[in-house]
Amino acid sequence: MRKWRKRAREIVTPATLSNSFDRRSFAIASVQGGIGVILAARLGYLSIFEHAKYRTESESNRVNLTLVPPRRGWILDRNGAPLASNRADFRVDIFPDRMRDPKKEIDELASLLSLGPDKKQDLLDKVGKTHGYAPIEVASGLKYDQFAAVSVRLPDLPGVIPQRGFSRYYPTGPSVGQLIGYVGPASAEEYEKDHDPLLITPGFKVGKDGLEKDFEQALRGVPGARRVEVTAQGRIVRELETREDIQGKPVKLTIDGPLQDFAARRTGLESGAVVVIDCETGGILAMTSMPSFDPNSFVGGIGRLRWKMLNSNDHIPLLNKAVRGLYPPGSTVKPMATLALQSLGVSPDEHIFCPGGYRLGNRFFRCDAVHGSLDMRGAIEKSCNTYFWTMAHRVGYDAIAPVAKMFGLGHEFDLPGTSQRYGTVPDSEWKMHRFDKKWTDADSLNAVIGQGYVLVSPLQLAVMVSRIATGRDLNPSLLFGHPKPLGPTLPFTPDQFQVTRDGMFRVVNGAGTASSARINIGGIQMAGKTGTAQVQKLVSRGHVGDWKSRDHSLFICFAPADKPRYAMAVVVEHGTFGARAAAPIAKDVMTFLFDPVSAMDTLHALEKSWGGTPEQRMVREYAAFVGEAGIELANQEIEAPPANSRVDAESRAEMVAKAQAAKAGATAPAAPPTGTSE
């Protein structure tokens, strides 16, 4: 019975089937309806609330937005002439992370652009070291046919970006290298710092040194943008919209461009610095450091061979000697010392007899000559050490050191784009702090003639002589229209200043140590003071020994002597006597200020004996360096200055011949420095 009833309950009828289907259909429909509601809600959310986001992403698949690097602001001299400008050019960059076969593509680019093996190796090194998202410049300043040759091969060169734009250009090249600095592609560290997409835009450069770096934000400008419609493969269909970039603001300097260029070129084969100051405003008219580097060669990123050449040069072209070079000032501090002595009550008419030296205890300090009886003016004129040793022993250098600081020695000045060094104006307190030793009378004798612990920069010497020339506390400035306010009045009488100026006038125009530097241009005369700073103890002073063992040559001056307008300091490293190397440079630079035509005639004659302008000499130097490195140079690989520079066709042919000689292992002998003995 029970089995029958159970079987009866299990019998399926049409009614039971219908009920079961209805229940299942309702459950499935409920699930499907729920899913539909969810999908509809999601679609509504995406359509309404996420509309802007996905419209932007959709648009980005169709439209490509590219930043246009802004043109950098110009750096101008006091007359509005460019010291750093921009020029239109064709260029090629690469993005390492987009390249399929970097070596193969670089080989192809080298063939298309006639790149040498050194450049190819530089690119391979950079691809291996640079972050993938950072662009690397392959070449700039290309001819149109080279640019076109790369452009038509883009399908086979992924990651290669040819473009038209602007590059930084320095018309006078190495003449402004240390002053202006240079630009280059942003480093990975700079990008990681603020992640500005402009920093990785091909063709964009940032200031790396000097004024270019200090005024980066003002010079940078505002980038433009270009919107183009592209296919799924990235091919451009049409240009939609372009927003022009806004050029950076110009920076105007107190520098006189032609004077800056002349002073740099006139330094010739020497290693040194020239600083010229306007005595009316304190504006710096020229501040050169030679030898220098050509900032144009840094624009696209300097190659490893050129960098190695600069670093291996014992004249240190990468050091701004005008503000970072420190030298014993030698006798150039004697005029300042006479003002200190007068303020301490020493009469300028008191005579001191010079027997050829000065005895301190059992030590005899030898003077350069037997000068006989001299007063203060005569001591400056003859540069008599005995006079100043006698006075320093009498008053002590602790009384002179504050005056040296008053005239700018040992100071750092508020100048943009310069990383200055203070130098040293020693005294007893300084020596105790520095060496834990007491100051001695011998220290005073050394310091008063600019030797011993005393170290100054050429800029400080120029400030010192400008204050002596004017009697005012002039402060140097570099920005045109923004002169620095005068400091405290210098505590010396006009008569005291006149004694010092008379002595400096006689140095040049009397029987002094720089009579060969005399000028007379329309009645304009110059006053000055030579300095020969001893580098190491020598049996014979000046020119004995190898280059690094020779004395430094210094000269300070101002003109016109009766109404000073310009003050100058010249330092020539290991140039021997002050009258032999530094004074002739100062004479010609000062002549340029009053008679530029005759000064240029003199310079052209000198440059013929030196082997050309700095640009021409650097081209040959680089060609010889590459030749010695064992890398074959083709004629087109010689990085000659731009066509509008001071290099003529004959000079270019000579450069090619020199490069070919370098390949064969032959180098031309360098022309010897010129100058007259003291």
# chains A, B, ... in the order shown; residues from 1 in each chain; ligands from 1

$ select_by_dssp --residues "stretch 299-457 of chain A" --states "helix (DSSP H, G or I)" --output "PyMOL selection string"
chain A and resi 304-312+321-324+330-343+376-382+385-395+397-399+401-406+428-435+441-448

$ select_by_dssp --residues "stretch 251-496 of chain A" --states "strand (DSSP E)" --output "PyMOL selection string"
chain A and resi 251-252+272-278+284-290+352-354+357-360+363-366+372-374

$ write_last_selection --atoms "C-alpha atoms" --output "short mmCIF file (atom, residue, chain, number, x, y, z; two decimals), in the first residue's frame"
data_model
loop_
_atom_site.label_atom_id
_atom_site.label_comp_id
_atom_site.auth_asym_id
_atom_site.auth_seq_id
_atom_site.Cartn_x
_atom_site.Cartn_y
_atom_site.Cartn_z
CA VAL A 251 66.92 89.18 -19.72
CA LYS A 252 69.00 92.31 -20.31
CA GLY A 272 92.93 83.83 -17.35
CA ALA A 273 90.11 86.28 -16.75
CA VAL A 274 89.18 89.87 -17.58
CA VAL A 275 86.61 91.92 -15.64
CA VAL A 276 85.59 95.45 -16.65
CA ILE A 277 83.33 97.64 -14.48
CA ASP A 278 81.50 100.87 -15.31
CA ILE A 284 79.87 94.82 -15.21
CA LEU A 285 80.72 95.52 -18.86
CA ALA A 286 82.78 92.39 -19.45
CA MET A 287 83.47 89.27 -17.41
CA THR A 288 85.43 86.68 -19.36
CA SER A 289 87.14 83.46 -18.42
CA MET A 290 89.38 81.81 -20.99
CA ILE A 352 111.99 104.72 3.08
CA PHE A 353 115.36 103.55 1.80
CA CYS A 354 115.39 100.29 -0.17
CA GLY A 357 115.41 93.98 0.61
CA TYR A 358 114.30 93.98 4.24
CA ARG A 359 115.76 92.13 7.19
CA LEU A 360 113.42 90.59 9.74
CA ARG A 363 115.82 86.37 7.58
CA PHE A 364 116.35 88.71 4.62
CA PHE A 365 113.33 89.39 2.39
CA ARG A 366 114.70 90.26 -1.03
CA GLY A 372 116.96 103.69 -3.00
CA SER A 373 114.89 106.32 -1.18
CA LEU A 374 111.16 106.29 -2.03
#

$ residues_around --residues "A:Met568" --least-positions-apart "2" --cutoff "9 Å" --atoms "only C-alpha atoms" --output "PyMOL selection string"
chain A and resi 274-277+461-463+465-466+555-559+566+570+586+590

$ residues_around --residues "A:Ile106" --least-positions-apart "5" --cutoff "8 Å" --atoms "only C-alpha atoms" --output "PyMOL selection string"
chain A and resi 120+123-124

$ closest_atom_pairs --of "stretch 67-176 of chain A" --to "stretch 209-229 of chain A" --cutoff "10 Å" --atoms "only C-alpha atoms" --output "Markdown table"
| residue | atom | partner | partner_atom | distance |
| --- | --- | --- | --- | --- |
| A:Leu67 | CA | A:Ala225 | CA | 4.4 |
| A:Val68 | CA | A:Gly224 | CA | 4.6 |
| A:Pro69 | CA | A:Pro223 | CA | 5.1 |
| A:Pro70 | CA | A:Pro223 | CA | 4.5 |
| A:Arg71 | CA | A:Gly221 | CA | 6.7 |
| A:Arg72 | CA | A:Arg220 | CA | 5.2 |
| A:Gly73 | CA | A:Leu219 | CA | 4.5 |
| A:Trp74 | CA | A:Leu219 | CA | 7.3 |
| A:Ile75 | CA | A:Leu219 | CA | 8.5 |
| A:Ala84 | CA | A:Glu212 | CA | 9.1 |

$ residues_around --residues "A:Ser151" --least-positions-apart "5" --cutoff "10 Å" --atoms "only C-alpha atoms" --output "PyMOL selection string"
chain A and resi 92+145-146+157+160-163

$ residues_around --residues "A:Val150" --least-positions-apart "4" --cutoff "12 Å" --atoms "only C-alpha atoms" --output "PDB file with all heavy atoms, in the first residue's frame"
ATOM      1  N   PHE A  90      65.935  72.157 -38.215  1.00  0.00           N
ATOM      2  CA  PHE A  90      65.385  70.807 -38.322  1.00  0.00           C
ATOM      3  C   PHE A  90      66.184  69.914 -37.387  1.00  0.00           C
ATOM      4  O   PHE A  90      67.409  70.033 -37.307  1.00  0.00           O
ATOM      5  CB  PHE A  90      65.498  70.284 -39.751  1.00  0.00           C
ATOM      6  CG  PHE A  90      64.676  71.043 -40.748  1.00  0.00           C
ATOM      7  CD1 PHE A  90      65.269  71.910 -41.643  1.00  0.00           C
ATOM      8  CD2 PHE A  90      63.303  70.901 -40.792  1.00  0.00           C
ATOM      9  CE1 PHE A  90      64.527  72.611 -42.571  1.00  0.00           C
ATOM     10  CE2 PHE A  90      62.537  71.595 -41.708  1.00  0.00           C
ATOM     11  CZ  PHE A  90      63.142  72.456 -42.601  1.00  0.00           C
ATOM     12  N   ARG A  91      65.481  69.026 -36.716  1.00  0.00           N
ATOM     13  CA  ARG A  91      66.140  68.197 -35.732  1.00  0.00           C
ATOM     14  C   ARG A  91      65.533  66.801 -35.741  1.00  0.00           C
ATOM     15  O   ARG A  91      64.431  66.574 -36.257  1.00  0.00           O
ATOM     16  CB  ARG A  91      66.004  68.811 -34.337  1.00  0.00           C
ATOM     17  CG  ARG A  91      64.559  69.103 -33.960  1.00  0.00           C
ATOM     18  CD  ARG A  91      64.372  69.741 -32.593  1.00  0.00           C
ATOM     19  NE  ARG A  91      64.790  68.860 -31.543  1.00  0.00           N
ATOM     20  CZ  ARG A  91      65.905  69.034 -30.835  1.00  0.00           C
ATOM     21  NH1 ARG A  91      66.662  70.074 -31.050  1.00  0.00           N
ATOM     22  NH2 ARG A  91      66.245  68.183 -29.897  1.00  0.00           N
ATOM     23  N   VAL A  92      66.262  65.853 -35.129  1.00  0.00           N
ATOM     24  CA  VAL A  92      65.781  64.483 -34.977  1.00  0.00           C
ATOM     25  C   VAL A  92      66.059  64.040 -33.546  1.00  0.00           C
ATOM     26  O   VAL A  92      67.177  64.198 -33.042  1.00  0.00           O
ATOM     27  CB  VAL A  92      66.478  63.522 -35.964  1.00  0.00           C
ATOM     28  CG1 VAL A  92      66.095  62.078 -35.662  1.00  0.00           C
ATOM     29  CG2 VAL A  92      66.120  63.876 -37.400  1.00  0.00           C
ATOM     30  N   ASP A  93      65.016  63.501 -32.893  1.00  0.00           N
ATOM     31  CA  ASP A  93      65.143  62.952 -31.537  1.00  0.00           C
ATOM     32  C   ASP A  93      64.709  61.494 -31.550  1.00  0.00           C
ATOM     33  O   ASP A  93      64.025  61.036 -32.483  1.00  0.00           O
ATOM     34  CB  ASP A  93      64.272  63.737 -30.549  1.00  0.00           C
ATOM     35  CG  ASP A  93      64.695  65.178 -30.427  1.00  0.00           C
ATOM     36  OD1 ASP A  93      65.707  65.443 -29.774  1.00  0.00           O
ATOM     37  OD2 ASP A  93      64.004  66.053 -30.992  1.00  0.00           O
ATOM     38  N   ILE A  94      65.083  60.771 -30.513  1.00  0.00           N
ATOM     39  CA  ILE A  94      64.635  59.386 -30.356  1.00  0.00           C
ATOM     40  C   ILE A  94      64.102  59.169 -28.949  1.00  0.00           C
ATOM     41  O   ILE A  94      64.567  59.791 -27.992  1.00  0.00           O
ATOM     42  CB  ILE A  94      65.767  58.375 -30.644  1.00  0.00           C
ATOM     43  CG1 ILE A  94      66.987  58.649 -29.754  1.00  0.00           C
ATOM     44  CG2 ILE A  94      66.137  58.367 -32.100  1.00  0.00           C
ATOM     45  CD1 ILE A  94      68.109  57.637 -29.921  1.00  0.00           C
ATOM     46  N   GLU A 105      68.491  50.900 -35.629  1.00  0.00           N
ATOM     47  CA  GLU A 105      67.919  52.202 -35.978  1.00  0.00           C
ATOM     48  C   GLU A 105      68.973  53.303 -35.906  1.00  0.00           C
ATOM     49  O   GLU A 105      68.982  54.222 -36.738  1.00  0.00           O
ATOM     50  CB  GLU A 105      66.745  52.524 -35.049  1.00  0.00           C
ATOM     51  CG  GLU A 105      65.546  51.617 -35.264  1.00  0.00           C
ATOM     52  CD  GLU A 105      64.345  52.035 -34.436  1.00  0.00           C
ATOM     53  OE1 GLU A 105      64.122  53.243 -34.295  1.00  0.00           O
ATOM     54  OE2 GLU A 105      63.643  51.145 -33.911  1.00  0.00           O
ATOM     55  N   ILE A 106      69.865  53.232 -34.927  1.00  0.00           N
ATOM     56  CA  ILE A 106      70.923  54.244 -34.832  1.00  0.00           C
ATOM     57  C   ILE A 106      71.887  54.117 -36.003  1.00  0.00           C
ATOM     58  O   ILE A 106      72.370  55.122 -36.539  1.00  0.00           O
ATOM     59  CB  ILE A 106      71.652  54.124 -33.483  1.00  0.00           C
ATOM     60  CG1 ILE A 106      70.726  54.602 -32.346  1.00  0.00           C
ATOM     61  CG2 ILE A 106      72.947  54.945 -33.474  1.00  0.00           C
ATOM     62  CD1 ILE A 106      71.279  54.411 -30.963  1.00  0.00           C
ATOM     63  N   GLU A 108      71.034  53.156 -38.957  1.00  0.00           N
ATOM     64  CA  GLU A 108      70.311  53.731 -40.089  1.00  0.00           C
ATOM     65  C   GLU A 108      70.345  55.259 -40.037  1.00  0.00           C
ATOM     66  O   GLU A 108      70.564  55.926 -41.047  1.00  0.00           O
ATOM     67  CB  GLU A 108      68.862  53.230 -40.078  1.00  0.00           C
ATOM     68  CG  GLU A 108      67.993  53.784 -41.194  1.00  0.00           C
ATOM     69  CD  GLU A 108      68.360  53.236 -42.570  1.00  0.00           C
ATOM     70  OE1 GLU A 108      69.117  52.244 -42.625  1.00  0.00           O
ATOM     71  OE2 GLU A 108      67.890  53.797 -43.569  1.00  0.00           O
ATOM     72  N   LEU A 109      70.143  55.811 -38.843  1.00  0.00           N
ATOM     73  CA  LEU A 109      70.203  57.264 -38.692  1.00  0.00           C
ATOM     74  C   LEU A 109      71.597  57.793 -38.991  1.00  0.00           C
ATOM     75  O   LEU A 109      71.756  58.860 -39.598  1.00  0.00           O
ATOM     76  CB  LEU A 109      69.787  57.662 -37.268  1.00  0.00           C
ATOM     77  CG  LEU A 109      68.307  57.517 -36.925  1.00  0.00           C
ATOM     78  CD1 LEU A 109      68.085  57.799 -35.443  1.00  0.00           C
ATOM     79  CD2 LEU A 109      67.463  58.455 -37.775  1.00  0.00           C
ATOM     80  N   ALA A 110      72.606  57.062 -38.554  1.00  0.00           N
ATOM     81  CA  ALA A 110      73.981  57.484 -38.815  1.00  0.00           C
ATOM     82  C   ALA A 110      74.249  57.553 -40.311  1.00  0.00           C
ATOM     83  O   ALA A 110      74.951  58.455 -40.789  1.00  0.00           O
ATOM     84  CB  ALA A 110      74.963  56.530 -38.140  1.00  0.00           C
ATOM     85  N   SER A 111      73.687  56.606 -41.060  1.00  0.00           N
ATOM     86  CA  SER A 111      73.860  56.610 -42.504  1.00  0.00           C
ATOM     87  C   SER A 111      73.114  57.781 -43.147  1.00  0.00           C
ATOM     88  O   SER A 111      73.638  58.452 -44.038  1.00  0.00           O
ATOM     89  CB  SER A 111      73.368  55.284 -43.089  1.00  0.00           C
ATOM     90  OG  SER A 111      73.419  55.302 -44.500  1.00  0.00           O
ATOM     91  N   LEU A 112      71.907  58.045 -42.670  1.00  0.00           N
ATOM     92  CA  LEU A 112      71.099  59.117 -43.253  1.00  0.00           C
ATOM     93  C   LEU A 112      71.638  60.500 -42.909  1.00  0.00           C
ATOM     94  O   LEU A 112      71.545  61.431 -43.720  1.00  0.00           O
ATOM     95  CB  LEU A 112      69.648  58.998 -42.774  1.00  0.00           C
ATOM     96  CG  LEU A 112      68.871  57.759 -43.218  1.00  0.00           C
ATOM     97  CD1 LEU A 112      67.529  57.700 -42.506  1.00  0.00           C
ATOM     98  CD2 LEU A 112      68.684  57.763 -44.737  1.00  0.00           C
ATOM     99  N   LEU A 113      72.187  60.640 -41.705  1.00  0.00           N
ATOM    100  CA  LEU A 113      72.604  61.955 -41.221  1.00  0.00           C
ATOM    101  C   LEU A 113      74.113  62.143 -41.219  1.00  0.00           C
ATOM    102  O   LEU A 113      74.604  63.151 -40.715  1.00  0.00           O
ATOM    103  CB  LEU A 113      72.063  62.171 -39.802  1.00  0.00           C
ATOM    104  CG  LEU A 113      70.539  62.069 -39.647  1.00  0.00           C
ATOM    105  CD1 LEU A 113      70.147  62.239 -38.187  1.00  0.00           C
ATOM    106  CD2 LEU A 113      69.840  63.088 -40.514  1.00  0.00           C
ATOM    107  N   SER A 114      74.852  61.173 -41.726  1.00  0.00           N
ATOM    108  CA  SER A 114      76.322  61.247 -41.799  1.00  0.00           C
ATOM    109  C   SER A 114      76.945  61.443 -40.419  1.00  0.00           C
ATOM    110  O   SER A 114      77.799  62.310 -40.215  1.00  0.00           O
ATOM    111  CB  SER A 114      76.753  62.394 -42.740  1.00  0.00           C
ATOM    112  OG  SER A 114      76.249  62.206 -44.037  1.00  0.00           O
ATOM    113  N   VAL A 138      69.377  63.394 -31.461  1.00  0.00           N
ATOM    114  CA  VAL A 138      70.307  62.748 -32.385  1.00  0.00           C
ATOM    115  C   VAL A 138      71.122  63.799 -33.112  1.00  0.00           C
ATOM    116  O   VAL A 138      72.351  63.736 -33.164  1.00  0.00           O
ATOM    117  CB  VAL A 138      69.545  61.867 -33.393  1.00  0.00           C
ATOM    118  CG1 VAL A 138      70.507  61.266 -34.414  1.00  0.00           C
ATOM    119  CG2 VAL A 138      68.793  60.764 -32.662  1.00  0.00           C
ATOM    120  N   ALA A 139      70.444  64.787 -33.666  1.00  0.00           N
ATOM    121  CA  ALA A 139      71.132  65.850 -34.406  1.00  0.00           C
ATOM    122  C   ALA A 139      70.191  67.035 -34.543  1.00  0.00           C
ATOM    123  O   ALA A 139      68.963  66.886 -34.551  1.00  0.00           O
ATOM    124  CB  ALA A 139      71.575  65.358 -35.779  1.00  0.00           C
ATOM    125  N   LEU A 142      69.863  70.439 -39.019  1.00  0.00           N
ATOM    126  CA  LEU A 142      69.971  69.593 -40.209  1.00  0.00           C
ATOM    127  C   LEU A 142      69.559  70.344 -41.473  1.00  0.00           C
ATOM    128  O   LEU A 142      68.763  71.290 -41.421  1.00  0.00           O
ATOM    129  CB  LEU A 142      69.085  68.356 -40.053  1.00  0.00           C
ATOM    130  CG  LEU A 142      69.397  67.420 -38.882  1.00  0.00           C
ATOM    131  CD1 LEU A 142      68.345  66.327 -38.807  1.00  0.00           C
ATOM    132  CD2 LEU A 142      70.791  66.826 -39.029  1.00  0.00           C
ATOM    133  N   LYS A 143      70.082  69.879 -42.603  1.00  0.00           N
ATOM    134  CA  LYS A 143      69.615  70.374 -43.887  1.00  0.00           C
ATOM    135  C   LYS A 143      68.260  69.733 -44.192  1.00  0.00           C
ATOM    136  O   LYS A 143      67.933  68.659 -43.689  1.00  0.00           O
ATOM    137  CB  LYS A 143      70.622  70.036 -44.983  1.00  0.00           C
ATOM    138  CG  LYS A 143      71.975  70.698 -44.796  1.00  0.00           C
ATOM    139  CD  LYS A 143      72.934  70.270 -45.886  1.00  0.00           C
ATOM    140  CE  LYS A 143      74.307  70.904 -45.691  1.00  0.00           C
ATOM    141  NZ  LYS A 143      75.281  70.459 -46.720  1.00  0.00           N
ATOM    142  N   TYR A 144      67.492  70.389 -45.072  1.00  0.00           N
ATOM    143  CA  TYR A 144      66.151  69.891 -45.341  1.00  0.00           C
ATOM    144  C   TYR A 144      66.173  68.494 -45.946  1.00  0.00           C
ATOM    145  O   TYR A 144      65.327  67.652 -45.622  1.00  0.00           O
ATOM    146  CB  TYR A 144      65.395  70.841 -46.268  1.00  0.00           C
ATOM    147  CG  TYR A 144      64.003  70.348 -46.578  1.00  0.00           C
ATOM    148  CD1 TYR A 144      62.985  70.448 -45.626  1.00  0.00           C
ATOM    149  CD2 TYR A 144      63.715  69.735 -47.802  1.00  0.00           C
ATOM    150  CE1 TYR A 144      61.711  69.966 -45.892  1.00  0.00           C
ATOM    151  CE2 TYR A 144      62.452  69.256 -48.073  1.00  0.00           C
ATOM    152  CZ  TYR A 144      61.454  69.371 -47.116  1.00  0.00           C
ATOM    153  OH  TYR A 144      60.202  68.890 -47.376  1.00  0.00           O
ATOM    154  N   ASP A 145      67.137  68.205 -46.843  1.00  0.00           N
ATOM    155  CA  ASP A 145      67.160  66.883 -47.467  1.00  0.00           C
ATOM    156  C   ASP A 145      67.447  65.788 -46.447  1.00  0.00           C
ATOM    157  O   ASP A 145      66.939  64.667 -46.559  1.00  0.00           O
ATOM    158  CB  ASP A 145      68.172  66.843 -48.606  1.00  0.00           C
ATOM    159  CG  ASP A 145      69.574  67.233 -48.174  1.00  0.00           C
ATOM    160  OD1 ASP A 145      69.720  67.724 -47.044  1.00  0.00           O
ATOM    161  OD2 ASP A 145      70.513  67.040 -48.965  1.00  0.00           O
ATOM    162  N   GLN A 146      68.256  66.092 -45.410  1.00  0.00           N
ATOM    163  CA  GLN A 146      68.491  65.119 -44.346  1.00  0.00           C
ATOM    164  C   GLN A 146      67.220  64.905 -43.529  1.00  0.00           C
ATOM    165  O   GLN A 146      66.859  63.771 -43.190  1.00  0.00           O
ATOM    166  CB  GLN A 146      69.620  65.594 -43.433  1.00  0.00           C
ATOM    167  CG  GLN A 146      70.994  65.630 -44.088  1.00  0.00           C
ATOM    168  CD  GLN A 146      72.041  66.191 -43.156  1.00  0.00           C
ATOM    169  OE1 GLN A 146      71.863  67.262 -42.578  1.00  0.00           O
ATOM    170  NE2 GLN A 146      73.141  65.477 -43.004  1.00  0.00           N
ATOM    171  N   LEU A 154      60.128  56.825 -41.564  1.00  0.00           N
ATOM    172  CA  LEU A 154      59.592  56.669 -40.210  1.00  0.00           C
ATOM    173  C   LEU A 154      58.915  55.323 -39.955  1.00  0.00           C
ATOM    174  O   LEU A 154      59.019  54.794 -38.838  1.00  0.00           O
ATOM    175  CB  LEU A 154      58.614  57.813 -39.903  1.00  0.00           C
ATOM    176  CG  LEU A 154      59.253  59.196 -39.679  1.00  0.00           C
ATOM    177  CD1 LEU A 154      58.184  60.215 -39.321  1.00  0.00           C
ATOM    178  CD2 LEU A 154      60.302  59.122 -38.578  1.00  0.00           C
ATOM    179  N   PRO A 155      58.192  54.726 -40.917  1.00  0.00           N
ATOM    180  CA  PRO A 155      57.592  53.411 -40.628  1.00  0.00           C
ATOM    181  C   PRO A 155      58.611  52.360 -40.212  1.00  0.00           C
ATOM    182  O   PRO A 155      58.274  51.416 -39.487  1.00  0.00           O
ATOM    183  CB  PRO A 155      56.912  53.042 -41.960  1.00  0.00           C
ATOM    184  CG  PRO A 155      56.619  54.356 -42.612  1.00  0.00           C
ATOM    185  CD  PRO A 155      57.774  55.235 -42.248  1.00  0.00           C
ATOM    186  N   ASP A 156      59.856  52.506 -40.674  1.00  0.00           N
ATOM    187  CA  ASP A 156      60.898  51.543 -40.315  1.00  0.00           C
ATOM    188  C   ASP A 156      61.749  52.011 -39.134  1.00  0.00           C
ATOM    189  O   ASP A 156      62.699  51.317 -38.750  1.00  0.00           O
ATOM    190  CB  ASP A 156      61.823  51.304 -41.516  1.00  0.00           C
ATOM    191  CG  ASP A 156      61.071  50.768 -42.721  1.00  0.00           C
ATOM    192  OD1 ASP A 156      60.143  49.958 -42.512  1.00  0.00           O
ATOM    193  OD2 ASP A 156      61.403  51.178 -43.852  1.00  0.00           O
ATOM    194  N   LEU A 157      61.394  53.167 -38.583  1.00  0.00           N
ATOM    195  CA  LEU A 157      62.194  53.732 -37.489  1.00  0.00           C
ATOM    196  C   LEU A 157      61.289  54.117 -36.321  1.00  0.00           C
ATOM    197  O   LEU A 157      61.121  55.303 -36.006  1.00  0.00           O
ATOM    198  CB  LEU A 157      62.978  54.960 -37.985  1.00  0.00           C
ATOM    199  CG  LEU A 157      64.001  54.733 -39.097  1.00  0.00           C
ATOM    200  CD1 LEU A 157      64.529  56.067 -39.605  1.00  0.00           C
ATOM    201  CD2 LEU A 157      65.156  53.873 -38.577  1.00  0.00           C
ATOM    202  N   PRO A 158      60.672  53.145 -35.667  1.00  0.00           N
ATOM    203  CA  PRO A 158      59.823  53.488 -34.516  1.00  0.00           C
ATOM    204  C   PRO A 158      60.649  54.137 -33.403  1.00  0.00           C
ATOM    205  O   PRO A 158      61.777  53.729 -33.130  1.00  0.00           O
ATOM    206  CB  PRO A 158      59.275  52.128 -34.062  1.00  0.00           C
ATOM    207  CG  PRO A 158      60.247  51.127 -34.592  1.00  0.00           C
ATOM    208  CD  PRO A 158      60.767  51.696 -35.878  1.00  0.00           C
ATOM    209  N   GLY A 159      60.070  55.149 -32.791  1.00  0.00           N
ATOM    210  CA  GLY A 159      60.777  55.863 -31.727  1.00  0.00           C
ATOM    211  C   GLY A 159      61.600  57.028 -32.216  1.00  0.00           C
ATOM    212  O   GLY A 159      62.167  57.771 -31.415  1.00  0.00           O
ATOM    213  N   VAL A 160      61.688  57.214 -33.543  1.00  0.00           N
ATOM    214  CA  VAL A 160      62.432  58.338 -34.116  1.00  0.00           C
ATOM    215  C   VAL A 160      61.455  59.470 -34.419  1.00  0.00           C
ATOM    216  O   VAL A 160      60.434  59.258 -35.072  1.00  0.00           O
ATOM    217  CB  VAL A 160      63.183  57.909 -35.392  1.00  0.00           C
ATOM    218  CG1 VAL A 160      63.874  59.109 -36.036  1.00  0.00           C
ATOM    219  CG2 VAL A 160      64.195  56.828 -35.058  1.00  0.00           C
ATOM    220  N   ILE A 161      61.770  60.667 -33.932  1.00  0.00           N
ATOM    221  CA  ILE A 161      60.875  61.815 -34.074  1.00  0.00           C
ATOM    222  C   ILE A 161      61.604  62.953 -34.780  1.00  0.00           C
ATOM    223  O   ILE A 161      62.418  63.652 -34.165  1.00  0.00           O
ATOM    224  CB  ILE A 161      60.365  62.312 -32.701  1.00  0.00           C
ATOM    225  CG1 ILE A 161      59.812  61.152 -31.876  1.00  0.00           C
ATOM    226  CG2 ILE A 161      59.328  63.414 -32.870  1.00  0.00           C
ATOM    227  CD1 ILE A 161      58.561  60.541 -32.431  1.00  0.00           C
ATOM    228  N   PRO A 162      61.364  63.164 -36.080  1.00  0.00           N
ATOM    229  CA  PRO A 162      61.898  64.357 -36.738  1.00  0.00           C
ATOM    230  C   PRO A 162      60.939  65.527 -36.537  1.00  0.00           C
ATOM    231  O   PRO A 162      59.715  65.337 -36.549  1.00  0.00           O
ATOM    232  CB  PRO A 162      61.958  63.941 -38.212  1.00  0.00           C
ATOM    233  CG  PRO A 162      60.870  62.930 -38.353  1.00  0.00           C
ATOM    234  CD  PRO A 162      60.709  62.248 -37.017  1.00  0.00           C
ATOM    235  N   GLN A 163      61.453  66.702 -36.335  1.00  0.00           N
ATOM    236  CA  GLN A 163      60.573  67.842 -36.121  1.00  0.00           C
ATOM    237  C   GLN A 163      61.283  69.150 -36.452  1.00  0.00           C
ATOM    238  O   GLN A 163      62.508  69.225 -36.497  1.00  0.00           O
ATOM    239  CB  GLN A 163      60.070  67.881 -34.678  1.00  0.00           C
ATOM    240  CG  GLN A 163      61.156  68.027 -33.638  1.00  0.00           C
ATOM    241  CD  GLN A 163      60.583  68.113 -32.240  1.00  0.00           C
ATOM    242  OE1 GLN A 163      59.388  68.288 -32.051  1.00  0.00           O
ATOM    243  NE2 GLN A 163      61.433  67.997 -31.247  1.00  0.00           N
TER     244      GLN A 163
END

$ residues_around --residues "A:Cys279" --least-positions-apart "2" --cutoff "8 Å" --atoms "only C-alpha atoms" --output "VMD selection string"
chain A and resid 277 281 to 283 466 469 to 470 474 564 to 567

$ atom_distance --atom1 "atom CA of A:Met504" --atom2 "atom CA of A:Gly330"
15.0 Å
